[in-house]
$ cat coords.cif   # mmCIF, C-alpha atoms
data_query
loop_
_atom_site.group_PDB
_atom_site.id
_atom_site.type_symbol
_atom_site.label_atom_id
_atom_site.label_comp_id
_atom_site.auth_asym_id
_atom_site.auth_seq_id
_atom_site.Cartn_x
_atom_site.Cartn_y
_atom_site.Cartn_z
ATOM 1 C CA MET K 1 0.000 0.000 0.000
ATOM 2 C CA THR K 2 2.818 2.318 0.825
ATOM 3 C CA THR K 3 4.481 1.755 -2.538
ATOM 4 C CA ALA K 4 1.177 2.212 -4.396
ATOM 5 C CA SER K 5 0.442 5.445 -2.532
ATOM 6 C CA ALA K 6 3.899 6.817 -3.297
ATOM 7 C CA SER K 7 3.496 5.997 -6.986
ATOM 8 C CA ALA K 8 0.122 7.694 -7.048
ATOM 9 C CA ARG K 9 1.511 10.796 -5.408
ATOM 10 C CA GLN K 10 4.446 10.845 -7.811
ATOM 11 C CA GLY K 11 2.119 10.559 -10.817
ATOM 12 C CA ALA K 12 -0.079 13.333 -9.463
ATOM 13 C CA SER K 13 2.932 15.612 -8.949
ATOM 14 C CA THR K 14 4.339 14.999 -12.436
ATOM 15 C CA ALA K 15 0.998 15.588 -14.192
ATOM 16 C CA PRO K 16 1.064 19.413 -13.737
ATOM 17 C CA GLY K 17 4.677 19.465 -14.904
ATOM 18 C CA ARG K 18 3.769 17.576 -18.047
ATOM 19 C CA ALA K 19 0.801 19.867 -18.660
ATOM 20 C CA GLY K 20 3.028 22.920 -18.238
ATOM 21 C CA ALA K 21 5.595 21.521 -20.642
ATOM 22 C CA ALA K 22 2.853 20.825 -23.175
ATOM 23 C CA ARG K 23 1.579 24.397 -22.873
ATOM 24 C CA ARG K 24 5.079 25.791 -23.322
ATOM 25 C CA LEU K 25 5.586 23.599 -26.369
ATOM 26 C CA ALA K 26 2.261 24.775 -27.822
ATOM 27 C CA ARG K 27 3.193 28.421 -27.221
ATOM 28 C CA LEU K 28 6.580 27.826 -28.829
ATOM 29 C CA LYS K 29 4.960 26.287 -31.902
ATOM 30 C CA GLU K 30 2.502 29.194 -32.086
ATOM 31 C CA SER K 31 5.348 31.707 -31.836
ATOM 32 C CA LEU K 32 7.323 29.915 -34.544
ATOM 33 C CA VAL K 33 4.294 29.963 -36.840
ATOM 34 C CA GLY K 34 3.861 33.697 -36.189
ATOM 35 C CA TYR K 35 7.519 34.436 -36.887
ATOM 36 C CA GLY K 36 7.256 32.287 -39.994
ATOM 37 C CA PHE K 37 4.543 34.591 -41.337
ATOM 38 C CA LEU K 38 6.387 37.722 -40.202
ATOM 39 C CA GLY K 39 9.773 36.560 -41.440
ATOM 40 C CA PRO K 40 9.472 37.551 -45.120
ATOM 41 C CA ASN K 41 8.084 40.983 -44.181
ATOM 42 C CA LEU K 42 10.836 41.528 -41.625
ATOM 43 C CA VAL K 43 13.506 40.574 -44.158
ATOM 44 C CA LEU K 44 12.075 42.915 -46.800
ATOM 45 C CA THR K 45 11.727 45.719 -44.248
ATOM 46 C CA ALA K 46 15.331 45.265 -43.197
ATOM 47 C CA ILE K 47 16.590 45.215 -46.804
ATOM 48 C CA PHE K 48 14.571 48.157 -48.101
ATOM 49 C CA LEU K 49 14.181 50.290 -44.942
ATOM 50 C CA PHE K 50 16.544 49.702 -42.042
ATOM 51 C CA ILE K 51 19.702 48.959 -44.039
ATOM 52 C CA PRO K 52 19.246 52.018 -46.342
ATOM 53 C CA ILE K 53 18.598 54.219 -43.306
ATOM 54 C CA ALA K 54 21.760 52.955 -41.604
ATOM 55 C CA TRP K 55 23.685 53.470 -44.843
ATOM 56 C CA ALA K 56 22.333 57.014 -45.179
ATOM 57 C CA VAL K 57 23.369 57.779 -41.604
ATOM 58 C CA GLY K 58 26.895 56.646 -42.442
ATOM 59 C CA ILE K 59 27.001 58.698 -45.634
ATOM 60 C CA SER K 60 25.789 61.790 -43.762
ATOM 61 C CA PHE K 61 29.089 61.793 -41.839
ATOM 62 C CA GLN K 62 31.114 61.697 -45.041
ATOM 63 C CA GLU K 63 31.936 63.937 -47.960
ATOM 64 C CA THR K 64 31.368 61.968 -51.134
ATOM 65 C CA LYS K 65 30.134 62.475 -54.658
ATOM 66 C CA GLY K 66 29.228 58.828 -55.209
ATOM 67 C CA PHE K 67 32.561 57.822 -56.714
ATOM 68 C CA GLY K 68 36.085 57.674 -55.403
ATOM 69 C CA ASP K 69 37.005 57.283 -51.751
ATOM 70 C CA PRO K 70 34.699 59.126 -49.338
ATOM 71 C CA GLU K 71 36.200 61.442 -46.748
ATOM 72 C CA TRP K 72 35.032 61.209 -43.156
ATOM 73 C CA VAL K 73 33.957 64.682 -41.998
ATOM 74 C CA GLY K 74 32.003 63.865 -38.853
ATOM 75 C CA LEU K 75 29.313 66.434 -38.051
ATOM 76 C CA ALA K 76 30.470 68.915 -40.706
ATOM 77 C CA ASN K 77 27.427 68.268 -42.920
ATOM 78 C CA TYR K 78 25.078 68.900 -40.018
ATOM 79 C CA ALA K 79 26.951 72.055 -39.058
ATOM 80 C CA ARG K 80 26.573 73.197 -42.648
ATOM 81 C CA LEU K 81 22.799 72.715 -42.378
ATOM 82 C CA VAL K 82 22.608 75.210 -39.522
ATOM 83 C CA ALA K 83 24.275 77.923 -41.619
ATOM 84 C CA ASP K 84 22.489 77.100 -44.889
ATOM 85 C CA PRO K 85 19.676 79.626 -45.584
ATOM 86 C CA VAL K 86 18.231 77.453 -48.365
ATOM 87 C CA PHE K 87 17.839 74.572 -45.915
ATOM 88 C CA TRP K 88 15.880 76.791 -43.535
ATOM 89 C CA GLN K 89 13.786 78.123 -46.403
ATOM 90 C CA SER K 90 13.044 74.562 -47.533
ATOM 91 C CA LEU K 91 12.142 73.593 -43.976
ATOM 92 C CA GLY K 92 9.874 76.623 -43.701
ATOM 93 C CA ASN K 93 8.205 75.768 -47.014
ATOM 94 C CA THR K 94 7.644 72.217 -45.774
ATOM 95 C CA VAL K 95 6.059 73.463 -42.553
ATOM 96 C CA VAL K 96 3.843 75.974 -44.403
ATOM 97 C CA LEU K 97 2.752 73.344 -46.930
ATOM 98 C CA THR K 98 1.890 70.974 -44.084
ATOM 99 C CA ALA K 99 0.102 73.584 -41.976
ATOM 100 C CA VAL K 100 -2.096 74.692 -44.884
ATOM 101 C CA THR K 101 -2.876 71.434 -46.683
ATOM 102 C CA VAL K 102 -3.333 68.936 -43.828
ATOM 103 C CA PRO K 103 -6.264 70.705 -42.086
ATOM 104 C CA ILE K 104 -8.018 71.294 -45.427
ATOM 105 C CA GLU K 105 -7.490 67.662 -46.456
ATOM 106 C CA MET K 106 -8.903 66.372 -43.191
ATOM 107 C CA LEU K 107 -11.851 68.763 -42.963
ATOM 108 C CA GLY K 108 -12.700 68.249 -46.614
ATOM 109 C CA GLY K 109 -12.340 64.481 -46.279
ATOM 110 C CA LEU K 110 -14.650 64.433 -43.250
ATOM 111 C CA ALA K 111 -17.246 66.632 -44.965
ATOM 112 C CA LEU K 112 -17.209 64.448 -48.088
ATOM 113 C CA ALA K 113 -17.383 61.288 -45.973
ATOM 114 C CA VAL K 114 -20.462 62.532 -44.104
ATOM 115 C CA LEU K 115 -22.086 63.549 -47.389
ATOM 116 C CA LEU K 116 -21.285 60.355 -49.291
ATOM 117 C CA ASN K 117 -22.114 58.114 -46.333
ATOM 118 C CA SER K 118 -25.693 59.367 -46.431
ATOM 119 C CA VAL K 119 -28.441 58.380 -48.818
ATOM 120 C CA LEU K 120 -27.199 60.316 -51.845
ATOM 121 C CA PRO K 121 -28.062 59.343 -55.429
ATOM 122 C CA GLY K 122 -24.988 58.244 -57.347
ATOM 123 C CA ARG K 123 -22.758 58.323 -54.280
ATOM 124 C CA GLY K 124 -20.743 55.373 -55.615
ATOM 125 C CA ILE K 125 -19.845 57.370 -58.724
ATOM 126 C CA PHE K 126 -18.785 60.378 -56.662
ATOM 127 C CA ARG K 127 -16.667 58.178 -54.391
ATOM 128 C CA THR K 128 -14.930 56.694 -57.410
ATOM 129 C CA ILE K 129 -14.199 60.121 -58.891
ATOM 130 C CA LEU K 130 -12.708 61.356 -55.625
ATOM 131 C CA VAL K 131 -10.583 58.236 -55.170
ATOM 132 C CA LEU K 132 -9.204 58.215 -58.735
ATOM 133 C CA PRO K 133 -6.255 60.546 -57.941
ATOM 134 C CA MET K 134 -4.997 57.931 -55.459
ATOM 135 C CA VAL K 135 -4.325 55.398 -58.234
ATOM 136 C CA ILE K 136 -2.363 57.896 -60.340
ATOM 137 C CA SER K 137 1.376 58.070 -59.759
ATOM 138 C CA GLY K 138 2.888 61.259 -58.400
ATOM 139 C CA VAL K 139 4.737 61.937 -61.642
ATOM 140 C CA ALA K 140 1.579 61.523 -63.733
ATOM 141 C CA SER K 141 -0.309 63.780 -61.315
ATOM 142 C CA GLY K 142 2.465 66.342 -61.663
ATOM 143 C CA MET K 143 2.168 66.248 -65.450
ATOM 144 C CA ILE K 144 -1.590 66.797 -65.195
ATOM 145 C CA ALA K 145 -0.910 69.733 -62.875
ATOM 146 C CA VAL K 146 1.596 71.179 -65.373
ATOM 147 C CA ILE K 147 -1.088 71.120 -68.080
ATOM 148 C CA ILE K 148 -3.475 72.925 -65.758
ATOM 149 C CA PHE K 149 -1.114 75.484 -64.198
ATOM 150 C CA TYR K 150 1.367 76.120 -67.029
ATOM 151 C CA GLN K 151 1.883 79.860 -67.154
ATOM 152 C CA SER K 152 1.958 80.485 -70.909
ATOM 153 C CA ASN K 153 -0.717 78.114 -72.187
ATOM 154 C CA GLY K 154 -2.114 76.214 -69.216
ATOM 155 C CA ILE K 155 -5.831 75.529 -68.907
ATOM 156 C CA ILE K 156 -6.393 78.076 -66.127
ATOM 157 C CA ASN K 157 -4.525 80.935 -67.797
ATOM 158 C CA LYS K 158 -6.117 80.191 -71.172
ATOM 159 C CA THR K 159 -9.526 80.371 -69.525
ATOM 160 C CA LEU K 160 -8.652 83.638 -67.784
ATOM 161 C CA SER K 161 -7.381 85.138 -71.020
ATOM 162 C CA ALA K 162 -10.558 84.084 -72.836
ATOM 163 C CA LEU K 163 -12.563 85.889 -70.158
ATOM 164 C CA GLY K 164 -10.454 89.017 -70.580
ATOM 165 C CA LEU K 165 -8.671 88.588 -67.239
ATOM 166 C CA SER K 166 -4.952 88.733 -66.501
ATOM 167 C CA PRO K 167 -3.131 85.379 -66.363
ATOM 168 C CA ILE K 168 -1.600 84.226 -63.103
ATOM 169 C CA ASN K 169 2.179 83.925 -62.727
ATOM 170 C CA TRP K 170 2.114 80.262 -61.757
ATOM 171 C CA SER K 171 5.735 79.669 -62.830
ATOM 172 C CA SER K 172 7.421 83.011 -62.122
ATOM 173 C CA GLY K 173 5.660 84.040 -58.919
ATOM 174 C CA GLY K 174 6.799 82.358 -55.712
ATOM 175 C CA VAL K 175 3.484 82.673 -53.857
ATOM 176 C CA GLU K 176 1.466 81.618 -56.892
ATOM 177 C CA ALA K 177 3.704 78.589 -57.439
ATOM 178 C CA MET K 178 3.275 77.496 -53.816
ATOM 179 C CA ILE K 179 -0.493 77.929 -54.101
ATOM 180 C CA SER K 180 -0.528 75.653 -57.150
ATOM 181 C CA VAL K 181 1.432 73.026 -55.198
ATOM 182 C CA MET K 182 -1.029 73.284 -52.302
ATOM 183 C CA ILE K 183 -4.061 72.920 -54.571
ATOM 184 C CA VAL K 184 -2.715 69.790 -56.254
ATOM 185 C CA THR K 185 -1.579 68.292 -52.945
ATOM 186 C CA ILE K 186 -5.064 68.701 -51.487
ATOM 187 C CA TRP K 187 -6.636 67.238 -54.626
ATOM 188 C CA LEU K 188 -4.417 64.161 -54.429
ATOM 189 C CA ARG K 189 -4.995 63.464 -50.706
ATOM 190 C CA LEU K 190 -8.676 64.336 -50.365
ATOM 191 C CA GLY K 191 -9.935 60.941 -51.534
ATOM 192 C CA PHE K 192 -7.711 59.042 -49.090
ATOM 193 C CA ASN K 193 -9.013 61.101 -46.176
ATOM 194 C CA MET K 194 -12.580 60.524 -47.326
ATOM 195 C CA ILE K 195 -12.139 56.732 -47.445
ATOM 196 C CA ILE K 196 -10.677 56.537 -43.930
ATOM 197 C CA TYR K 197 -13.422 58.739 -42.523
ATOM 198 C CA ILE K 198 -16.137 56.705 -44.266
ATOM 199 C CA ALA K 199 -14.737 53.572 -42.618
ATOM 200 C CA GLY K 200 -14.869 55.355 -39.268
ATOM 201 C CA LEU K 201 -18.414 56.594 -39.821
ATOM 202 C CA GLN K 202 -19.667 53.125 -40.693
ATOM 203 C CA ASN K 203 -18.470 51.880 -37.296
ATOM 204 C CA ILE K 204 -20.733 54.349 -35.472
ATOM 205 C CA SER K 205 -23.954 52.761 -34.282
ATOM 206 C CA PRO K 206 -27.067 54.320 -35.907
ATOM 207 C CA GLU K 207 -28.840 54.024 -32.534
ATOM 208 C CA LEU K 208 -26.716 56.880 -31.222
ATOM 209 C CA TYR K 209 -28.040 59.245 -33.868
ATOM 210 C CA GLU K 210 -31.570 57.985 -33.300
ATOM 211 C CA ALA K 211 -31.301 58.673 -29.570
ATOM 212 C CA ALA K 212 -29.904 62.135 -30.277
ATOM 213 C CA ARG K 213 -32.796 62.918 -32.638
ATOM 214 C CA LEU K 214 -35.297 61.811 -29.993
ATOM 215 C CA ASP K 215 -33.626 64.174 -27.548
ATOM 216 C CA GLY K 216 -34.099 67.007 -30.027
ATOM 217 C CA ALA K 217 -30.489 67.354 -31.189
ATOM 218 C CA THR K 218 -29.994 69.182 -34.473
ATOM 219 C CA LYS K 219 -27.852 67.847 -37.318
ATOM 220 C CA PHE K 220 -24.987 70.099 -36.304
ATOM 221 C CA GLN K 221 -25.243 69.009 -32.664
ATOM 222 C CA GLN K 222 -25.189 65.356 -33.752
ATOM 223 C CA PHE K 223 -22.136 66.022 -35.880
ATOM 224 C CA ARG K 224 -20.326 67.880 -33.101
ATOM 225 C CA SER K 225 -21.223 65.564 -30.209
ATOM 226 C CA ILE K 226 -21.329 62.153 -31.911
ATOM 227 C CA THR K 227 -19.544 62.135 -35.259
ATOM 228 C CA VAL K 228 -16.450 64.170 -34.431
ATOM 229 C CA PRO K 229 -15.576 62.377 -31.144
ATOM 230 C CA LEU K 230 -16.233 58.883 -32.488
ATOM 231 C CA VAL K 231 -14.063 59.342 -35.582
ATOM 232 C CA GLY K 232 -11.216 60.405 -33.286
ATOM 233 C CA PRO K 233 -9.079 57.311 -34.069
ATOM 234 C CA SER K 234 -9.484 58.005 -37.794
ATOM 235 C CA THR K 235 -8.523 61.628 -37.232
ATOM 236 C CA PHE K 236 -5.404 60.620 -35.314
ATOM 237 C CA PHE K 237 -4.387 58.154 -38.030
ATOM 238 C CA LEU K 238 -4.973 60.669 -40.820
ATOM 239 C CA LEU K 239 -3.092 63.418 -39.011
ATOM 240 C CA ILE K 240 -0.010 61.227 -38.754
ATOM 241 C CA MET K 241 -0.268 59.930 -42.331
ATOM 242 C CA ASN K 242 -0.957 63.343 -43.882
ATOM 243 C CA VAL K 243 1.904 65.045 -42.064
ATOM 244 C CA ILE K 244 4.337 62.270 -42.999
ATOM 245 C CA ALA K 245 3.171 62.344 -46.637
ATOM 246 C CA THR K 246 3.577 66.130 -46.825
ATOM 247 C CA PHE K 247 6.999 66.099 -45.178
ATOM 248 C CA GLN K 248 8.072 63.479 -47.720
ATOM 249 C CA ALA K 249 6.620 65.373 -50.691
ATOM 250 C CA PHE K 250 8.902 65.157 -53.691
ATOM 251 C CA ASP K 251 7.607 63.814 -57.009
ATOM 252 C CA LEU K 252 4.700 66.236 -57.425
ATOM 253 C CA ILE K 253 6.789 69.307 -56.597
ATOM 254 C CA PHE K 254 9.743 68.080 -58.649
ATOM 255 C CA VAL K 255 7.574 67.722 -61.768
ATOM 256 C CA LEU K 256 5.352 70.758 -61.233
ATOM 257 C CA THR K 257 7.809 73.451 -60.133
ATOM 258 C CA GLY K 258 11.200 71.788 -59.633
ATOM 259 C CA GLY K 259 11.389 73.676 -56.330
ATOM 260 C CA GLY K 260 11.295 77.047 -58.100
ATOM 261 C CA PRO K 261 11.058 79.790 -58.939
ATOM 262 C CA GLY K 262 14.281 80.187 -57.017
ATOM 263 C CA TYR K 263 13.663 78.103 -53.911
ATOM 264 C CA SER K 264 10.135 79.362 -53.247
ATOM 265 C CA THR K 265 8.603 75.868 -53.479
ATOM 266 C CA SER K 266 11.670 73.915 -52.395
ATOM 267 C CA VAL K 267 10.896 71.436 -49.611
ATOM 268 C CA LEU K 268 13.223 69.152 -47.709
ATOM 269 C CA GLY K 269 12.649 66.266 -50.108
ATOM 270 C CA THR K 270 13.485 68.237 -53.250
ATOM 271 C CA TYR K 271 16.425 69.990 -51.591
ATOM 272 C CA ALA K 272 17.877 66.662 -50.449
ATOM 273 C CA TYR K 273 17.486 65.302 -53.988
ATOM 274 C CA ARG K 274 19.121 68.386 -55.496
ATOM 275 C CA ASN K 275 22.173 68.043 -53.270
ATOM 276 C CA GLY K 276 22.398 64.277 -53.420
ATOM 277 C CA PHE K 277 21.811 63.631 -57.119
ATOM 278 C CA GLN K 278 22.023 66.864 -59.105
ATOM 279 C CA ILE K 279 25.112 68.545 -57.672
ATOM 280 C CA ARG K 280 26.406 65.217 -56.276
ATOM 281 C CA GLU K 281 27.018 66.317 -52.692
ATOM 282 C CA GLN K 282 25.675 63.040 -51.392
ATOM 283 C CA GLY K 283 26.896 63.428 -47.826
ATOM 284 C CA TYR K 284 25.075 66.729 -47.443
ATOM 285 C CA GLY K 285 21.970 65.348 -49.147
ATOM 286 C CA ALA K 286 22.000 62.363 -46.778
ATOM 287 C CA ALA K 287 22.256 64.720 -43.798
ATOM 288 C CA ILE K 288 19.143 66.566 -44.992
ATOM 289 C CA GLY K 289 17.337 63.247 -45.351
ATOM 290 C CA ILE K 290 18.297 62.183 -41.823
ATOM 291 C CA VAL K 291 17.039 65.497 -40.419
ATOM 292 C CA LEU K 292 13.770 64.939 -42.281
ATOM 293 C CA LEU K 293 13.505 61.442 -40.792
ATOM 294 C CA ILE K 294 14.181 62.724 -37.271
ATOM 295 C CA LEU K 295 11.553 65.477 -37.587
ATOM 296 C CA THR K 296 8.988 62.955 -38.804
ATOM 297 C CA LEU K 297 9.744 60.551 -35.945
ATOM 298 C CA ILE K 298 9.537 63.337 -33.361
ATOM 299 C CA PHE K 299 6.159 64.504 -34.642
ATOM 300 C CA THR K 300 4.805 60.942 -34.741
ATOM 301 C CA TYR K 301 6.030 60.232 -31.211
ATOM 302 C CA VAL K 302 4.553 63.440 -29.790
ATOM 303 C CA GLN K 303 1.196 62.813 -31.454
ATOM 304 C CA TRP K 304 1.131 59.210 -30.288
ATOM 305 C CA LYS K 305 1.924 60.171 -26.697
ATOM 306 C CA THR K 306 -0.640 62.964 -26.748
ATOM 307 C CA SER K 307 -3.378 60.729 -28.140
ATOM 308 C CA ARG K 308 -2.623 57.908 -25.698
ATOM 309 C CA THR K 309 -2.644 60.276 -22.717
ATOM 310 C CA ARG K 310 -5.967 61.750 -23.852
ATOM 311 C CA ASP K 311 -7.538 58.310 -24.188
ATOM 312 C CA LEU K 312 -6.266 57.267 -20.744
ATOM 313 C CA VAL K 313 -7.692 60.415 -19.144
ATOM 314 C CA GLU K 314 -11.067 59.846 -20.745
#

$ encode --input "coords.cif" --output "structure tokens"
Amino acid sequence: MTTASASARQGASTAPGRAGAARRLARLKESLVGYGFLGPNLVLTAIFLFIPIAWAVGISFQETKGFGDPEWVGLANYARLVADPVFWQSLGNTVVLTAVTVPIEMLGGLALAVLLNSVLPGRGIFRTILVLPMVISGVASGMIAVIIFYQSNGIINKTLSALGLSPINWSSGGVEAMISVMIVTIWLRLGFNMIIYIAGLQNISPELYEAARLDGATKFQQFRSITVPLVGPSTFFLLIMNVIATFQAFDLIFVLTGGGPGYSTSVLGTYAYRNGFQIREQGYGAAIGIVLLILTLIFTYVQWKTSRTRDLVE
């Protein structure tokens, strides 16, 4: 009896250990399956994102024209940025472009989403028209913009001349050139904002609007108290994406204005390209690109922390 009891107790004590080992093995298999799915994406991300960024950081500490032996200059390229007035002008243009276009894109996208999420005849056609610019490449969009805003024989100036009005100096006027860039930027991003907001609106329960109507709330009060707060996650996502997209603007501006006249429409992306590939100062161009990356990361981090703190407080 004593031997049988001891065996029983030993079996009972080893059963939890076996169960724990089985659970650990199952978790290990699940983790391996997950990493198996993530593996190709991680490899591609490393090859096309992390390795180029690390390479650019290394180049930013060198003076090189892409051929011959590079010369290590340390922080000289970054010190040059501080004293470069064109860099500060390009940074200012980037900030102005972002500050003007992002709010208009988001407000316009929300307004269109509310309109096209309602019972509107032909709303599918309107959605398609607004989304079409998203499937056009930046270079093609820039060529379309050139046809529209070309100073000598563009569509707008031809129309103004036909009406007996003075043409606009889209190519020779700095302010006018920046306005043309802003208009096309908003046109290209409006459809994306609309789609994200429509997805957010469709997640709002109709019962909330019904309860608000029963309480006597007007359309504007429903929009302010229900729609705007509940599309907050979409707004946060779009704010980050729009700011990043504007800070990285290049192809549209390069085709439409080339950063001119002078440097009136030069942004950090076009200025980095000019230094890195046109005048072949690749170390300085890489330094501009790293500064652009750091600014984008700082903005994203601040917005993420602000949004998370707001959600925790609420």

$ atom_distance --input "coords.cif" --atom1 "atom CA of Trp55 of chain K" --atom2 "atom CA of Leu295 of chain K"
18.5 Å

$ atom_distance --input "coords.cif" --atom1 "atom CA of Ala272 of chain K" --atom2 "atom CA of Gly285 of chain K"
4.5 Å

$ residues_around --input "coords.cif" --residues "Tyr197 of chain K" --least-positions-apart "4" --cutoff "9 Å" --atoms "all atoms listed in the file" --output "number ranges by chain"
K: 106, 109-110, 112-114, 192-193, 201-202, 231, 234-235, 238

$ closest_residue --input "coords.cif" --among "K:Ala199, K:Ala26, K:Leu91, K:Met143" --to "Thr270 of chain K" --atoms "only C-alpha atoms"
K:Leu91

$ resolve_selection --input "coords.cif" --expression "the PyMOL selection byres ((chain K and resi 163-170) around 10)" --output "list in words"
Val146, Phe149, Tyr150, Gln151, Ser152, Asn153, Gly154, Ile156, Asn157, Lys158, Thr159, Leu160, Ser161, Ala162, Ser171, Ser172, Gly173, Gly174, Val175, Glu176, Ala177, Met178, Ile179, Ser180, Val181, Thr257 and Pro261 of chain K

$ write_last_selection --input "coords.cif" --atoms "C-alpha atoms" --output "PDB file, keeping the file's coordinate frame"
ATOM      1  CA  VAL K 146       1.596  71.179 -65.373  1.00  0.00           C
ATOM      2  CA  PHE K 149      -1.114  75.484 -64.198  1.00  0.00           C
ATOM      3  CA  TYR K 150       1.367  76.120 -67.029  1.00  0.00           C
ATOM      4  CA  GLN K 151       1.883  79.860 -67.154  1.00  0.00           C
ATOM      5  CA  SER K 152       1.958  80.485 -70.909  1.00  0.00           C
ATOM      6  CA  ASN K 153      -0.717  78.114 -72.187  1.00  0.00           C
ATOM      7  CA  GLY K 154      -2.114  76.214 -69.216  1.00  0.00           C
ATOM      8  CA  ILE K 156      -6.393  78.076 -66.127  1.00  0.00           C
ATOM      9  CA  ASN K 157      -4.525  80.935 -67.797  1.00  0.00           C
ATOM     10  CA  LYS K 158      -6.117  80.191 -71.172  1.00  0.00           C
ATOM     11  CA  THR K 159      -9.526  80.371 -69.525  1.00  0.00           C
ATOM     12  CA  LEU K 160      -8.652  83.638 -67.784  1.00  0.00           C
ATOM     13  CA  SER K 161      -7.381  85.138 -71.020  1.00  0.00           C
ATOM     14  CA  ALA K 162     -10.558  84.084 -72.836  1.00  0.00           C
ATOM     15  CA  SER K 171       5.735  79.669 -62.830  1.00  0.00           C
ATOM     16  CA  SER K 172       7.421  83.011 -62.122  1.00  0.00           C
ATOM     17  CA  GLY K 173       5.660  84.040 -58.919  1.00  0.00           C
ATOM     18  CA  GLY K 174       6.799  82.358 -55.712  1.00  0.00           C
ATOM     19  CA  VAL K 175       3.484  82.673 -53.857  1.00  0.00           C
ATOM     20  CA  GLU K 176       1.466  81.618 -56.892  1.00  0.00           C
ATOM     21  CA  ALA K 177       3.704  78.589 -57.439  1.00  0.00           C
ATOM     22  CA  MET K 178       3.275  77.496 -53.816  1.00  0.00           C
ATOM     23  CA  ILE K 179      -0.493  77.929 -54.101  1.00  0.00           C
ATOM     24  CA  SER K 180      -0.528  75.653 -57.150  1.00  0.00           C
ATOM     25  CA  VAL K 181       1.432  73.026 -55.198  1.00  0.00           C
ATOM     26  CA  THR K 257       7.809  73.451 -60.133  1.00  0.00           C
ATOM     27  CA  PRO K 261      11.058  79.790 -58.939  1.00  0.00           C
TER      28      PRO K 261
END

$ residues_near_point --input "coords.cif" --point "(29.9, 57.6, -60.5)" --cutoff "12 Å" --atoms "all atoms listed in the file" --output "list in words"
Thr64, Lys65, Gly66, Phe67, Gly68, Asp69, Phe277, Arg280 and Gln282 of chain K

$ write_last_selection --input "coords.cif" --atoms "C-alpha atoms" --output "compact mmCIF listing (two decimals), in the frame of the given file"
# COMPACT_ATOMS: atom_id res chain seq x y z
CA THR K 64 31.37 61.97 -51.13
CA LYS K 65 30.13 62.48 -54.66
CA GLY K 66 29.23 58.83 -55.21
CA PHE K 67 32.56 57.82 -56.71
CA GLY K 68 36.08 57.67 -55.40
CA ASP K 69 37.01 57.28 -51.75
CA PHE K 277 21.81 63.63 -57.12
CA ARG K 280 26.41 65.22 -56.28
CA GLN K 282 25.68 63.04 -51.39

$ closest_residue --input "coords.cif" --among "K:Arg189, K:Arg224, K:Lys305, K:Arg274" --to "Pro103 of chain K" --atoms "all atoms listed in the file"
K:Arg189

$ closest_residue --input "coords.cif" --among "K:Leu214, K:Ala286, K:Leu75, K:Met241" --to "Pro52 of chain K" --atoms "all atoms listed in the file"
K:Ala286

$ residues_around --input "coords.cif" --residues "Gly108 of chain K" --least-positions-apart "4" --cutoff "8 Å" --atoms "all atoms listed in the file" --output "MDAnalysis selection string"
chainID K and resid 104 112 190 194

$ closest_residue --input "coords.cif" --among "K:Gly200, K:Pro85, K:Leu293, K:Ile183" --to "Ile148 of chain K" --atoms "only C-alpha atoms"
K:Ile183

$ atom_distance --input "coords.cif" --atom1 "atom CA of Ile226 of chain K" --atom2 "atom CA of Leu239 of chain K"
19.6 Å

$ residues_around --input "coords.cif" --residues "Gly283 of chain K" --least-positions-apart "4" --cutoff "10 Å" --atoms "only C-alpha atoms" --output "number ranges by chain"
K: 56-66, 70-73, 76-78, 272, 275-276, 287-289

$ write_last_selection --input "coords.cif" --atoms "C-alpha atoms" --output "PDB file, keeping the file's coordinate frame"
ATOM      1  CA  ALA K  56      22.333  57.014 -45.179  1.00  0.00           C
ATOM      2  CA  VAL K  57      23.369  57.779 -41.604  1.00  0.00           C
ATOM      3  CA  GLY K  58      26.895  56.646 -42.442  1.00  0.00           C
ATOM      4  CA  ILE K  59      27.001  58.698 -45.634  1.00  0.00           C
ATOM      5  CA  SER K  60      25.789  61.790 -43.762  1.00  0.00           C
ATOM      6  CA  PHE K  61      29.089  61.793 -41.839  1.00  0.00           C
ATOM      7  CA  GLN K  62      31.114  61.697 -45.041  1.00  0.00           C
ATOM      8  CA  GLU K  63      31.936  63.937 -47.960  1.00  0.00           C
ATOM      9  CA  THR K  64      31.368  61.968 -51.134  1.00  0.00           C
ATOM     10  CA  LYS K  65      30.134  62.475 -54.658  1.00  0.00           C
ATOM     11  CA  GLY K  66      29.228  58.828 -55.209  1.00  0.00           C
ATOM     12  CA  PRO K  70      34.699  59.126 -49.338  1.00  0.00           C
ATOM     13  CA  GLU K  71      36.200  61.442 -46.748  1.00  0.00           C
ATOM     14  CA  TRP K  72      35.032  61.209 -43.156  1.00  0.00           C
ATOM     15  CA  VAL K  73      33.957  64.682 -41.998  1.00  0.00           C
ATOM     16  CA  ALA K  76      30.470  68.915 -40.706  1.00  0.00           C
ATOM     17  CA  ASN K  77      27.427  68.268 -42.920  1.00  0.00           C
ATOM     18  CA  TYR K  78      25.078  68.900 -40.018  1.00  0.00           C
ATOM     19  CA  ALA K 272      17.877  66.662 -50.449  1.00  0.00           C
ATOM     20  CA  ASN K 275      22.173  68.043 -53.270  1.00  0.00           C
ATOM     21  CA  GLY K 276      22.398  64.277 -53.420  1.00  0.00           C
ATOM     22  CA  ALA K 287      22.256  64.720 -43.798  1.00  0.00           C
ATOM     23  CA  ILE K 288      19.143  66.566 -44.992  1.00  0.00           C
ATOM     24  CA  GLY K 289      17.337  63.247 -45.351  1.00  0.00           C
TER      25      GLY K 289
END

$ residues_around --input "coords.cif" --residues "Thr185 of chain K" --least-positions-apart "4" --cutoff "10 Å" --atoms "all atoms listed in the file" --output "count of residues only"
18

$ closest_residue --input "coords.cif" --among "K:Val139, K:Val131, K:Leu297, K:Ala211" --to "Ile196 of chain K" --atoms "only C-alpha atoms"
K:Val131
